[in-house]
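S.K.: File follows, data27.cif with mmCIF, C-alpha atoms, pLDDT in the B column; chains and numbers go by the auth columns:
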```cif
data_structure
#
loop_
_atom_site.group_PDB
_atom_site.id
_atom_site.type_symbol
_atom_site.label_atom_id
_atom_site.label_comp_id
_atom_site.label_asym_id
_atom_site.label_seq_id
_atom_site.Cartn_x
_atom_site.Cartn_y
_atom_site.Cartn_z
_atom_site.B_iso_or_equiv
_atom_site.auth_seq_id
_atom_site.auth_asym_id
ATOM 1 C CA MET A 1 1.172 37.779 114.427 61.00 312 W
ATOM 2 C CA THR A 2 2.305 40.099 111.614 69.00 313 W
ATOM 3 C CA SER A 3 1.986 39.119 107.951 69.00 314 W
ATOM 4 C CA THR A 4 5.789 38.726 107.853 70.00 315 W
ATOM 5 C CA ASP A 5 5.684 36.316 110.795 73.00 316 W
ATOM 6 C CA ALA A 6 2.816 34.383 109.203 75.00 317 W
ATOM 7 C CA SER A 7 4.718 34.124 105.947 82.00 318 W
ATOM 8 C CA ARG A 8 7.858 32.911 107.723 83.00 319 W
ATOM 9 C CA THR A 9 5.833 30.333 109.662 87.00 320 W
ATOM 10 C CA GLU A 10 4.292 29.065 106.463 88.00 321 W
ATOM 11 C CA ARG A 11 7.636 28.879 104.648 89.00 322 W
ATOM 12 C CA PHE A 12 9.235 27.101 107.578 92.00 323 W
ATOM 13 C CA ARG A 13 6.463 24.509 107.646 92.00 324 W
ATOM 14 C CA THR A 14 6.562 24.009 103.898 92.00 325 W
ATOM 15 C CA LEU A 15 10.319 24.043 103.306 93.00 326 W
ATOM 16 C CA VAL A 16 12.041 22.940 106.492 93.00 327 W
ATOM 17 C CA GLU A 17 9.735 20.586 108.374 93.00 328 W
ATOM 18 C CA PRO A 18 9.548 17.938 105.606 93.00 329 W
ATOM 19 C CA GLU A 19 13.358 17.662 105.669 94.00 330 W
ATOM 20 C CA VAL A 20 13.732 16.916 109.386 95.00 331 W
ATOM 21 C CA GLY A 21 14.392 13.216 108.734 92.00 332 W
ATOM 22 C CA LEU A 22 17.077 13.984 106.174 92.00 333 W
ATOM 23 C CA LEU A 23 18.707 16.527 108.494 95.00 334 W
ATOM 24 C CA TYR A 24 18.765 14.026 111.345 94.00 335 W
ATOM 25 C CA ARG A 25 20.338 11.314 109.193 90.00 336 W
ATOM 26 C CA VAL A 26 22.986 13.700 107.846 91.00 337 W
ATOM 27 C CA ALA A 27 23.676 14.932 111.380 92.00 338 W
ATOM 28 C CA HIS A 28 23.905 11.348 112.620 88.00 339 W
ATOM 29 C CA ALA A 29 26.341 10.502 109.856 85.00 340 W
ATOM 30 C CA LEU A 30 28.471 13.496 110.832 85.00 341 W
ATOM 31 C CA GLU A 31 28.211 13.169 114.613 86.00 342 W
ATOM 32 C CA ARG A 32 27.858 9.390 114.906 78.00 343 W
ATOM 33 C CA ASN A 33 25.849 9.862 118.060 83.00 344 W
ATOM 34 C CA GLY A 34 22.084 10.280 118.392 86.00 345 W
ATOM 35 C CA ALA A 35 22.057 12.916 121.149 91.00 346 W
ATOM 36 C CA ASP A 36 24.664 15.114 119.430 92.00 347 W
ATOM 37 C CA ALA A 37 22.846 14.710 116.113 93.00 348 W
ATOM 38 C CA GLU A 38 19.599 15.893 117.704 95.00 349 W
ATOM 39 C CA ASP A 39 21.285 18.950 119.228 95.00 350 W
ATOM 40 C CA LEU A 40 22.868 19.760 115.889 96.00 351 W
ATOM 41 C CA VAL A 41 19.574 19.552 113.986 97.00 352 W
ATOM 42 C CA GLN A 42 17.885 21.821 116.536 96.00 353 W
ATOM 43 C CA GLU A 43 20.667 24.378 116.112 96.00 354 W
ATOM 44 C CA ALA A 44 20.411 24.114 112.313 96.00 355 W
ATOM 45 C CA MET A 45 16.637 24.598 112.400 96.00 356 W
ATOM 46 C CA LEU A 46 17.016 27.704 114.546 95.00 357 W
ATOM 47 C CA ARG A 47 19.515 29.121 112.071 95.00 358 W
ATOM 48 C CA ALA A 48 17.282 28.194 109.143 95.00 359 W
ATOM 49 C CA TYR A 49 14.318 29.879 110.805 94.00 360 W
ATOM 50 C CA ARG A 50 16.312 33.073 111.324 93.00 361 W
ATOM 51 C CA SER A 51 17.614 33.205 107.755 92.00 362 W
ATOM 52 C CA LEU A 52 14.405 32.156 105.978 91.00 363 W
ATOM 53 C CA ASP A 53 13.742 35.705 104.784 89.00 364 W
ATOM 54 C CA THR A 54 16.950 35.716 102.743 90.00 365 W
ATOM 55 C CA PHE A 55 16.552 32.220 101.274 91.00 366 W
ATOM 56 C CA ASP A 56 15.596 32.251 97.573 89.00 367 W
ATOM 57 C CA GLY A 57 13.653 28.981 97.750 85.00 368 W
ATOM 58 C CA VAL A 58 15.946 27.117 95.338 86.00 369 W
ATOM 59 C CA ASN A 59 17.525 23.819 96.437 87.00 370 W
ATOM 60 C CA VAL A 60 16.144 23.708 99.947 91.00 371 W
ATOM 61 C CA ARG A 61 18.057 20.547 100.839 90.00 372 W
ATOM 62 C CA GLY A 62 21.373 22.066 99.802 89.00 373 W
ATOM 63 C CA TRP A 63 20.576 25.208 101.770 93.00 374 W
ATOM 64 C CA LEU A 64 19.616 23.273 104.906 94.00 375 W
ATOM 65 C CA VAL A 65 22.605 20.947 104.768 92.00 376 W
ATOM 66 C CA THR A 66 24.961 23.906 104.339 92.00 377 W
ATOM 67 C CA ILE A 67 23.435 25.456 107.460 95.00 378 W
ATOM 68 C CA LEU A 68 23.788 22.145 109.279 94.00 379 W
ATOM 69 C CA ARG A 69 27.432 21.723 108.339 91.00 380 W
ATOM 70 C CA ASN A 70 28.252 25.314 109.298 92.00 381 W
ATOM 71 C CA ALA A 71 26.520 24.794 112.626 93.00 382 W
ATOM 72 C CA GLN A 72 28.518 21.614 113.139 90.00 383 W
ATOM 73 C CA ARG A 73 31.799 23.393 112.418 87.00 384 W
ATOM 74 C CA ASN A 74 30.947 26.144 114.907 86.00 385 W
ATOM 75 C CA LEU A 75 29.903 23.681 117.588 81.00 386 W
ATOM 76 C CA HIS A 76 33.088 21.668 117.170 74.00 387 W
ATOM 77 C CA ARG A 77 35.246 24.770 117.160 69.00 388 W
ATOM 78 C CA ARG A 78 33.951 25.347 120.657 65.00 389 W
ATOM 79 C CA THR A 79 34.000 21.775 121.890 62.00 390 W
ATOM 80 C CA ARG A 80 36.570 19.764 119.947 53.00 391 W
ATOM 81 C CA PRO A 81 40.090 20.592 118.841 47.00 392 W
ATOM 82 C CA GLU A 82 39.929 18.438 115.688 47.00 393 W
ATOM 83 C CA ALA A 83 37.281 17.270 113.280 45.00 394 W
ATOM 84 C CA VAL A 84 36.520 13.562 113.362 47.00 395 W
ATOM 85 C CA ASP A 85 37.145 11.522 110.232 49.00 396 W
ATOM 86 C CA PRO A 86 34.176 9.133 110.172 47.00 397 W
ATOM 87 C CA ASP A 87 36.077 6.519 108.171 51.00 398 W
ATOM 88 C CA VAL A 88 38.924 6.387 110.662 48.00 399 W
ATOM 89 C CA ALA A 89 37.491 7.124 114.089 48.00 400 W
ATOM 90 C CA ALA A 90 35.924 4.384 116.163 46.00 401 W
ATOM 91 C CA ALA A 91 32.165 4.633 116.035 48.00 402 W
ATOM 92 C CA THR A 92 30.030 5.538 119.021 50.00 403 W
ATOM 93 C CA VAL A 93 27.369 3.035 118.146 51.00 404 W
ATOM 94 C CA ASP A 94 23.943 3.793 119.511 56.00 405 W
ATOM 95 C CA PRO A 95 22.162 0.599 120.505 57.00 406 W
ATOM 96 C CA VAL A 96 19.406 -0.138 118.017 65.00 407 W
ATOM 97 C CA GLU A 97 15.968 -0.716 119.424 67.00 408 W
ATOM 98 C CA ARG A 98 13.025 -2.108 117.517 66.00 409 W
ATOM 99 C CA ASP A 99 9.379 -2.529 118.286 70.00 410 W
ATOM 100 C CA PRO A 100 8.819 -6.277 118.999 72.00 411 W
ATOM 101 C CA ALA A 101 5.186 -6.079 117.888 69.00 412 W
ATOM 102 C CA LEU A 102 6.232 -4.566 114.576 69.00 413 W
ATOM 103 C CA LEU A 103 8.903 -7.214 114.093 71.00 414 W
ATOM 104 C CA ALA A 104 6.411 -10.018 114.751 70.00 415 W
ATOM 105 C CA GLU A 105 4.400 -8.897 111.719 71.00 416 W
ATOM 106 C CA ARG A 106 7.375 -9.028 109.383 78.00 417 W
ATOM 107 C CA SER A 107 8.508 -11.839 107.108 84.00 418 W
ATOM 108 C CA ASP A 108 11.743 -13.745 107.732 88.00 419 W
ATOM 109 C CA VAL A 109 13.385 -11.830 104.910 89.00 420 W
ATOM 110 C CA GLU A 110 12.346 -8.472 106.349 89.00 421 W
ATOM 111 C CA ARG A 111 13.450 -9.390 109.875 88.00 422 W
ATOM 112 C CA THR A 112 16.804 -10.585 108.569 91.00 423 W
ATOM 113 C CA VAL A 113 17.356 -7.424 106.538 91.00 424 W
ATOM 114 C CA LEU A 114 16.460 -5.262 109.551 87.00 425 W
ATOM 115 C CA ALA A 115 18.853 -7.208 111.789 88.00 426 W
ATOM 116 C CA ALA A 116 21.567 -6.826 109.183 91.00 427 W
ATOM 117 C CA VAL A 117 20.927 -3.077 108.912 89.00 428 W
ATOM 118 C CA ASP A 118 21.156 -2.785 112.690 85.00 429 W
ATOM 119 C CA ALA A 119 24.480 -4.605 112.673 88.00 430 W
ATOM 120 C CA LEU A 120 26.038 -2.313 110.060 90.00 431 W
ATOM 121 C CA ASP A 121 28.738 0.132 110.996 89.00 432 W
ATOM 122 C CA PRO A 122 26.911 3.493 111.334 83.00 433 W
ATOM 123 C CA VAL A 123 29.004 4.906 108.479 87.00 434 W
ATOM 124 C CA TYR A 124 27.502 2.335 106.125 92.00 435 W
ATOM 125 C CA ARG A 125 24.027 2.467 107.675 88.00 436 W
ATOM 126 C CA ASP A 126 23.757 6.248 107.385 86.00 437 W
ATOM 127 C CA THR A 127 24.980 6.219 103.777 92.00 438 W
ATOM 128 C CA VAL A 128 22.537 3.477 102.782 93.00 439 W
ATOM 129 C CA SER A 129 19.711 5.398 104.497 89.00 440 W
ATOM 130 C CA LEU A 130 20.560 8.689 102.795 91.00 441 W
ATOM 131 C CA VAL A 131 20.384 7.030 99.384 93.00 442 W
ATOM 132 C CA ASP A 132 17.527 4.572 99.958 92.00 443 W
ATOM 133 C CA VAL A 133 15.330 6.381 102.509 88.00 444 W
ATOM 134 C CA ASP A 134 15.945 10.013 101.583 87.00 445 W
ATOM 135 C CA GLY A 135 16.463 9.341 97.889 89.00 446 W
ATOM 136 C CA LEU A 136 19.711 11.269 97.562 92.00 447 W
ATOM 137 C CA THR A 137 21.811 10.764 94.450 94.00 448 W
ATOM 138 C CA TYR A 138 25.426 9.729 94.903 96.00 449 W
ATOM 139 C CA ALA A 139 26.525 13.306 94.183 93.00 450 W
ATOM 140 C CA GLU A 140 24.084 14.709 96.724 91.00 451 W
ATOM 141 C CA ALA A 141 25.117 12.187 99.379 92.00 452 W
ATOM 142 C CA ALA A 142 28.774 12.975 98.716 93.00 453 W
ATOM 143 C CA GLU A 143 28.095 16.676 99.052 88.00 454 W
ATOM 144 C CA VAL A 144 26.107 16.479 102.281 86.00 455 W
ATOM 145 C CA LEU A 145 28.662 14.176 103.917 87.00 456 W
ATOM 146 C CA GLY A 146 31.652 16.048 102.499 86.00 457 W
ATOM 147 C CA VAL A 147 33.271 12.950 100.960 92.00 458 W
ATOM 148 C CA PRO A 148 34.110 11.916 97.372 96.00 459 W
ATOM 149 C CA ILE A 149 31.491 10.072 95.304 96.00 460 W
ATOM 150 C CA GLY A 150 33.789 7.052 95.273 96.00 461 W
ATOM 151 C CA THR A 151 33.501 6.878 99.057 96.00 462 W
ATOM 152 C CA ILE A 152 29.712 6.869 98.812 96.00 463 W
ATOM 153 C CA MET A 153 29.843 4.065 96.234 96.00 464 W
ATOM 154 C CA SER A 154 32.218 2.069 98.374 96.00 465 W
ATOM 155 C CA ARG A 155 30.097 2.492 101.531 96.00 466 W
ATOM 156 C CA LEU A 156 26.926 1.507 99.660 96.00 467 W
ATOM 157 C CA HIS A 157 28.583 -1.513 98.116 95.00 468 W
ATOM 158 C CA ARG A 158 29.999 -2.751 101.425 96.00 469 W
ATOM 159 C CA GLY A 159 26.889 -1.974 103.445 96.00 470 W
ATOM 160 C CA ARG A 160 24.479 -3.671 101.072 96.00 471 W
ATOM 161 C CA ARG A 161 26.867 -6.561 100.577 96.00 472 W
ATOM 162 C CA GLN A 162 26.827 -7.249 104.309 96.00 473 W
ATOM 163 C CA ILE A 163 23.018 -7.253 104.304 96.00 474 W
ATOM 164 C CA ARG A 164 22.957 -9.548 101.278 95.00 475 W
ATOM 165 C CA ASP A 165 25.460 -11.925 102.911 96.00 476 W
ATOM 166 C CA ARG A 166 23.241 -12.143 105.977 95.00 477 W
ATOM 167 C CA LEU A 167 20.318 -13.189 103.782 93.00 478 W
ATOM 168 C CA ALA A 168 22.497 -15.807 102.126 93.00 479 W
ATOM 169 C CA THR A 169 23.776 -17.143 105.452 94.00 480 W
ATOM 170 C CA ALA A 170 20.176 -17.434 106.677 91.00 481 W
ATOM 171 C CA GLY A 171 19.314 -19.417 103.557 90.00 482 W
ATOM 172 C CA LEU A 172 16.797 -16.805 102.440 87.00 483 W
ATOM 173 C CA MET A 173 18.144 -15.905 98.999 85.00 484 W
ATOM 174 C CA GLY A 174 15.318 -16.017 96.481 77.00 485 W
ATOM 175 C CA LEU A 175 12.582 -16.534 99.049 74.00 486 W
ATOM 176 C CA TRP A 176 11.095 -13.030 98.808 66.00 487 W
ATOM 177 C CA VAL A 177 9.020 -13.983 95.795 55.00 488 W
ATOM 178 C CA ALA A 178 7.000 -16.321 97.999 43.00 489 W
ATOM 179 C CA THR A 179 6.835 -14.078 101.093 42.00 490 W
ATOM 180 C CA MET B 1 38.484 -9.751 68.722 46.00 1195 L
ATOM 181 C CA THR B 2 37.430 -9.757 72.357 47.00 1196 L
ATOM 182 C CA ASP B 3 33.813 -10.137 73.438 55.00 1197 L
ATOM 183 C CA PRO B 4 32.562 -6.676 74.521 67.00 1198 L
ATOM 184 C CA ARG B 5 29.816 -8.106 76.708 81.00 1199 L
ATOM 185 C CA PRO B 6 30.491 -7.744 80.436 87.00 1200 L
ATOM 186 C CA ASP B 7 31.061 -10.921 82.465 91.00 1201 L
ATOM 187 C CA CYS B 8 29.505 -11.727 85.871 95.00 1202 L
ATOM 188 C CA GLN B 9 32.378 -10.151 87.772 94.00 1203 L
ATOM 189 C CA THR B 10 32.032 -6.881 85.872 94.00 1204 L
ATOM 190 C CA VAL B 11 28.268 -6.849 86.269 95.00 1205 L
ATOM 191 C CA ALA B 12 28.650 -7.424 90.021 94.00 1206 L
ATOM 192 C CA ARG B 13 30.889 -4.357 90.141 93.00 1207 L
ATOM 193 C CA TRP B 14 28.319 -2.244 88.258 94.00 1208 L
ATOM 194 C CA LEU B 15 25.196 -3.642 89.890 96.00 1209 L
ATOM 195 C CA GLN B 16 24.752 -1.062 92.671 95.00 1210 L
ATOM 196 C CA THR B 17 25.133 1.898 90.323 96.00 1211 L
ATOM 197 C CA PHE B 18 22.731 0.178 87.911 97.00 1212 L
ATOM 198 C CA LEU B 19 20.063 -0.294 90.606 96.00 1213 L
ATOM 199 C CA ASP B 20 20.521 3.287 91.838 96.00 1214 L
ATOM 200 C CA ARG B 21 20.237 4.601 88.247 95.00 1215 L
ATOM 201 C CA GLU B 22 23.675 6.139 88.559 97.00 1216 L
ATOM 202 C CA ILE B 23 25.100 4.397 85.500 95.00 1217 L
ATOM 203 C CA ASP B 24 25.221 5.722 81.933 94.00 1218 L
ATOM 204 C CA ALA B 25 22.685 4.413 79.407 95.00 1219 L
ATOM 205 C CA PRO B 26 24.971 2.230 77.231 94.00 1220 L
ATOM 206 C CA ARG B 27 26.439 0.478 80.273 94.00 1221 L
ATOM 207 C CA ALA B 28 22.953 0.104 81.795 95.00 1222 L
ATOM 208 C CA ASN B 29 21.853 -1.685 78.632 94.00 1223 L
ATOM 209 C CA GLU B 30 24.818 -4.048 78.857 95.00 1224 L
ATOM 210 C CA VAL B 31 23.995 -4.839 82.469 95.00 1225 L
ATOM 211 C CA ARG B 32 20.299 -5.316 81.701 95.00 1226 L
ATOM 212 C CA THR B 33 21.075 -7.731 78.870 95.00 1227 L
ATOM 213 C CA HIS B 34 23.422 -9.731 81.079 96.00 1228 L
ATOM 214 C CA LEU B 35 20.884 -9.849 83.922 95.00 1229 L
ATOM 215 C CA ASP B 36 18.213 -11.154 81.576 93.00 1230 L
ATOM 216 C CA ASP B 37 20.485 -13.993 80.428 93.00 1231 L
ATOM 217 C CA CYS B 38 22.305 -14.934 83.634 94.00 1232 L
ATOM 218 C CA ARG B 39 20.250 -16.623 86.331 92.00 1233 L
ATOM 219 C CA TRP B 40 22.864 -16.190 89.067 92.00 1234 L
ATOM 220 C CA CYS B 41 23.313 -12.447 88.452 94.00 1235 L
ATOM 221 C CA GLY B 42 19.529 -12.097 88.168 94.00 1236 L
ATOM 222 C CA LEU B 43 19.218 -13.605 91.640 92.00 1237 L
ATOM 223 C CA GLU B 44 21.757 -11.107 92.950 94.00 1238 L
ATOM 224 C CA ARG B 45 19.801 -8.251 91.366 95.00 1239 L
ATOM 225 C CA ASP B 46 16.578 -9.488 92.979 93.00 1240 L
ATOM 226 C CA ALA B 47 18.292 -9.729 96.378 93.00 1241 L
ATOM 227 C CA TYR B 48 19.535 -6.164 96.219 95.00 1242 L
ATOM 228 C CA LEU B 49 16.188 -4.907 94.926 94.00 1243 L
ATOM 229 C CA GLU B 50 14.489 -6.564 97.902 93.00 1244 L
ATOM 230 C CA ILE B 51 17.008 -5.005 100.296 94.00 1245 L
ATOM 231 C CA LYS B 52 16.392 -1.587 98.728 93.00 1246 L
ATOM 232 C CA ARG B 53 12.629 -2.090 98.969 91.00 1247 L
ATOM 233 C CA ILE B 54 12.767 -2.939 102.660 91.00 1248 L
ATOM 234 C CA VAL B 55 15.200 -0.147 103.556 90.00 1249 L
ATOM 235 C CA SER B 56 13.388 2.508 101.520 87.00 1250 L
ATOM 236 C CA SER B 57 10.002 1.516 102.964 84.00 1251 L
ATOM 237 C CA GLY B 58 11.108 3.037 106.255 70.00 1252 L
ATOM 238 C CA LEU B 59 10.891 -0.314 108.039 69.00 1253 L
ATOM 239 C CA ALA B 60 14.593 -0.155 108.698 68.00 1254 L
ATOM 240 C CA VAL B 61 14.375 3.106 110.620 74.00 1255 L
ATOM 241 C CA PRO B 62 15.107 2.076 114.222 75.00 1256 L
ATOM 242 C CA VAL B 63 12.846 3.107 117.082 78.00 1257 L
ATOM 243 C CA ASP B 64 15.377 5.538 118.591 84.00 1258 L
ATOM 244 C CA GLU B 65 15.817 7.289 115.241 84.00 1259 L
ATOM 245 C CA ALA B 66 12.067 7.491 114.706 86.00 1260 L
ATOM 246 C CA ARG B 67 11.639 8.964 118.192 91.00 1261 L
ATOM 247 C CA ALA B 68 14.424 11.488 117.647 94.00 1262 L
ATOM 248 C CA ILE B 69 12.823 12.604 114.379 93.00 1263 L
ATOM 249 C CA GLU B 70 9.451 12.841 116.109 94.00 1264 L
ATOM 250 C CA ARG B 71 10.955 15.089 118.821 96.00 1265 L
ATOM 251 C CA LEU B 72 12.641 17.217 116.169 96.00 1266 L
ATOM 252 C CA ARG B 73 9.381 17.598 114.255 95.00 1267 L
ATOM 253 C CA ALA B 74 7.739 18.780 117.478 95.00 1268 L
ATOM 254 C CA PHE B 75 10.614 21.225 117.989 95.00 1269 L
ATOM 255 C CA ALA B 76 10.190 22.481 114.415 94.00 1270 L
ATOM 256 C CA GLU B 77 6.481 22.937 114.905 92.00 1271 L
ATOM 257 C CA ARG B 78 7.021 24.916 118.141 93.00 1272 L
ATOM 258 C CA LEU B 79 9.557 27.063 116.329 91.00 1273 L
ATOM 259 C CA ALA B 80 7.146 27.667 113.453 90.00 1274 L
ATOM 260 C CA HIS B 81 4.297 28.455 115.831 88.00 1275 L
ATOM 261 C CA ASP B 82 6.042 30.437 118.579 86.00 1276 L
ATOM 262 C CA GLY B 83 9.106 31.838 116.801 82.00 1277 L
ATOM 263 C CA ASP B 84 12.649 31.738 118.158 78.00 1278 L
ATOM 264 C CA GLY B 85 12.065 34.284 120.921 68.00 1279 L
ATOM 265 C CA ALA B 86 14.451 36.719 119.259 59.00 1280 L
#
```
Can the structure from this file be put into structure tokens for me?

M.R.:
Amino acid sequence: MTSTDASRTERFRTLVEPEVGLLYRVAHALERNGADAEDLVQEAMLRAYRSLDTFDGVNVRGWLVTILRNAQRNLHRRTRPEAVDPDVAAATVDPVERDPALLAERSDVERTVLAAVDALDPVYRDTVSLVDVDGLTYAEAAEVLGVPIGTIMSRLHRGRRQIRDRLATAGLMGLWVAT
Amino acid sequence: MTDPRPDCQTVARWLQTFLDREIDAPRANEVRTHLDDCRWCGLERDAYLEIKRIVSSGLAVPVDEARAIERLRAFAERLAHDGDGA
């Protein structure tokens, strides 16, 4: 391995690998299908690997998401005549699977929240995850998904409201203090 | 003169941006004051904080998503180790 290869390997591990979860969630939000999202992230990582030498190291997430979105556009140019509007198109909802042993260890509140998250439209679920799991700001989430900030706010509000309503329906409001 | 303090309906509209720290400081102070005084809105805040805690803890990541990310991490590691074959 040359010193250039070693340096690229190191940069890839340091810069790209920690963002795999974010890339998958953005890809899932764009593709609305787990298998397509996985293919897209693989393609984006290949492109990122090949262009690492020219990346200045600033705003790695922005750089990676731009690569991902470009890869998505190219893939769809070959496979689909029109881009899909995620707020209009019917969702291809992947069935959600959870580990029963893990669920058994959770409180009623946690199990109810997880069930509510699973029941969310993927558009809402992905947006909530990008903000709450990946820690994106509204502006960042809007940029990576290519929608206005108002759309992010609306998706967050509706998604979280549905989870909150499920807690209320289950009679669990206020019980987390004791759990 | 009208009361400048926000009512429950207004606070409900601002609550998500408040919890996500996406609200400006003066408005955040108004919301905070209202939440301290209003038991019902305080309960709503606590509910959404609990939802955020559970989701952000990673518990809400489904098994299929976790597996997909695991496979992608393995792919990334192979790429880092072996190169792209170009």

S.K.: Provide as a PyMOL selection string the residues of chain L at most 9 Å from chain W, counting all atoms listed in the file.

M.R.: chain L and resi 1207+1210-1211+1214-1216+1237-1238+1240-1242+1244-1260+1262-1267+1269-1271+1273-1278+1280

S.K.: When the PyMOL selection byres ((chain W and resi 372-389) around 9) is applied to the file above, which residues end up in the set, as an MDAnalysis selection string?

M.R.: chainID W and resid 326:327 330 333:334 337:338 341:342 351:352 354:356 358:359 366 368:371 390:394 451 454:456

S.K.: What's the separation between CA of Arg466 (chain W) and CA of Tyr435 (chain W), in Å to one decimal place?

M.R.: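 Between these atoms lies a distance of 5.3 Å.
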
S.K.: Would you compute the distance between CA of Asp1201 (chain L) and CA of Gly470 (chain W)? Give it in Å to one decimal.

M.R.: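 So the answer is 23.2 Å.
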
S.K.: One number please: CA of Asp1230 (chain L) to CA of Arg477 (chain W), in Å, one decimal.

M.R.: 24.9 Å

S.K.: Enclose all atoms of region 477-484 of chain W listed in the file in an axis-aligned box, grow every side by 6 Å, and hand back centre and edge lengths in Å to one decimal, as lines of an AutoDock Vina configuration file.

M.R.:
```
center_x = 20.3
center_y = -15.8
center_z = 102.8
size_x = 19.0
size_y = 19.3
size_z = 19.7
```
